[in-house]
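Let me begin by presenting the structure, written as structure tokens, before commenting on it.
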Amino acid sequence: MDLRKYLRSFGYAFEGIITACKEQNFQSHLLSAGIVLIAGYFTGLSPVEWFIVLLLIALMFALEMVNTAIERVVDLASTDIHPLAKQAKDIAAGAVLVFAVFSAIIGLLIFIPKWF
């Protein structure tokens with residue numbers, strides 16, 4: 001195993017994270033995560049609740065990054081508007097939306113009982 005090559009791969013991964021952070025959708029997820037983390041701090045979540053919240057946030061970030069990667073690859077593969085390219089991008093965006101909705105539901109199930 002080439003240690004320099006292995007360590008360089010972390011640099012590429014961090015580059016990918018920085019690139020994702022420049023995307024508008026990713027920034028909205030960062031803002032939402034910040035609000036949830038502040039609310040969690042003031043709500044006094046249990047360790048298990050923190051685990052769930054942090055897991056959902058991490059998965060949301062990862063899924064948004066995969067969605068962005070799919071969009072970039074589709075854009076690279078075809079400069080023409082093609083129905084299959086549109087479907088691929090729409091399906092990836094739909095996956096993000098499904099996860100966001102269910103994350104919000106789980107968040108409400110965690111937070112609402114503590115607030116009322």
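Labels for the structure tokens follow display order: chains A, B, ..., residues from 1 in each chain, ligands from 1.
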
ask   = Near Ala20 (chain A), counting only C-alpha atoms, which residues have an atom at most 8 Å away, once you skip same-chain residues fewer than 6 positions from it, shown as a PyMOL selection string?
value = chain A and resi 26+65+68

ask   = What lies within 8 Å of Lys89 (chain A) using only C-alpha atoms, ignoring chain neighbours under 2 positions off, as a list in words?
value =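 The neighbour list is Asn67, Ile70, Glu71, Val74, Ala85, Lys86, Gln87, Ile91, Ala92 and Ala93 of chain A.
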
ask   = CA of Gly34 (chain A) and CA of Leu109 (chain A) are how many Å apart?
value = 18.5 Å

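For the pair CA of Leu37 (chain A) and CA of Phe116 (chain A), the interatomic distance is 19.0 Å.
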
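You will find CA of Ala39 (chain A) at 14.9 Å from CA of Leu56 (chain A).
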
inquiry  = Here is a test: counting only C-alpha atoms, which residue of A:Met60, A:Ile18, A:Ala33, A:Val53 is nearest to Phe99 (chain A)?
reply    =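 Of A:Met60, A:Ile18, A:Ala33, A:Val53, the one nearest Phe99 (chain A), counting only C-alpha atoms, is A:Met60.
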
remark   = Nearest to Val96 (chain A), restricted to only C-alpha atoms and choosing among A:Met1, A:Ala62, A:Ile112, A:Ile52, comes out as A:Ala62

inquiry  = Counting only C-alpha atoms, which residue out of A:Asn25, A:Ser9, A:Thr43, A:Thr79 sits closest to Pro113 (chain A)?
reply    =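 For Pro113 (chain A), the nearest of the candidates is A:Thr43.
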
request  = Do a neighbour search on Ile17 (chain A) at 12 Å with only C-alpha atoms, toss out local chain neighbours closer than 5 positions, and write the hits as a VMD selection string.
outcome  = chain A and resid 10 to 12 22 to 23 26 to 27 61 to 62 64 to 66 68 to 69
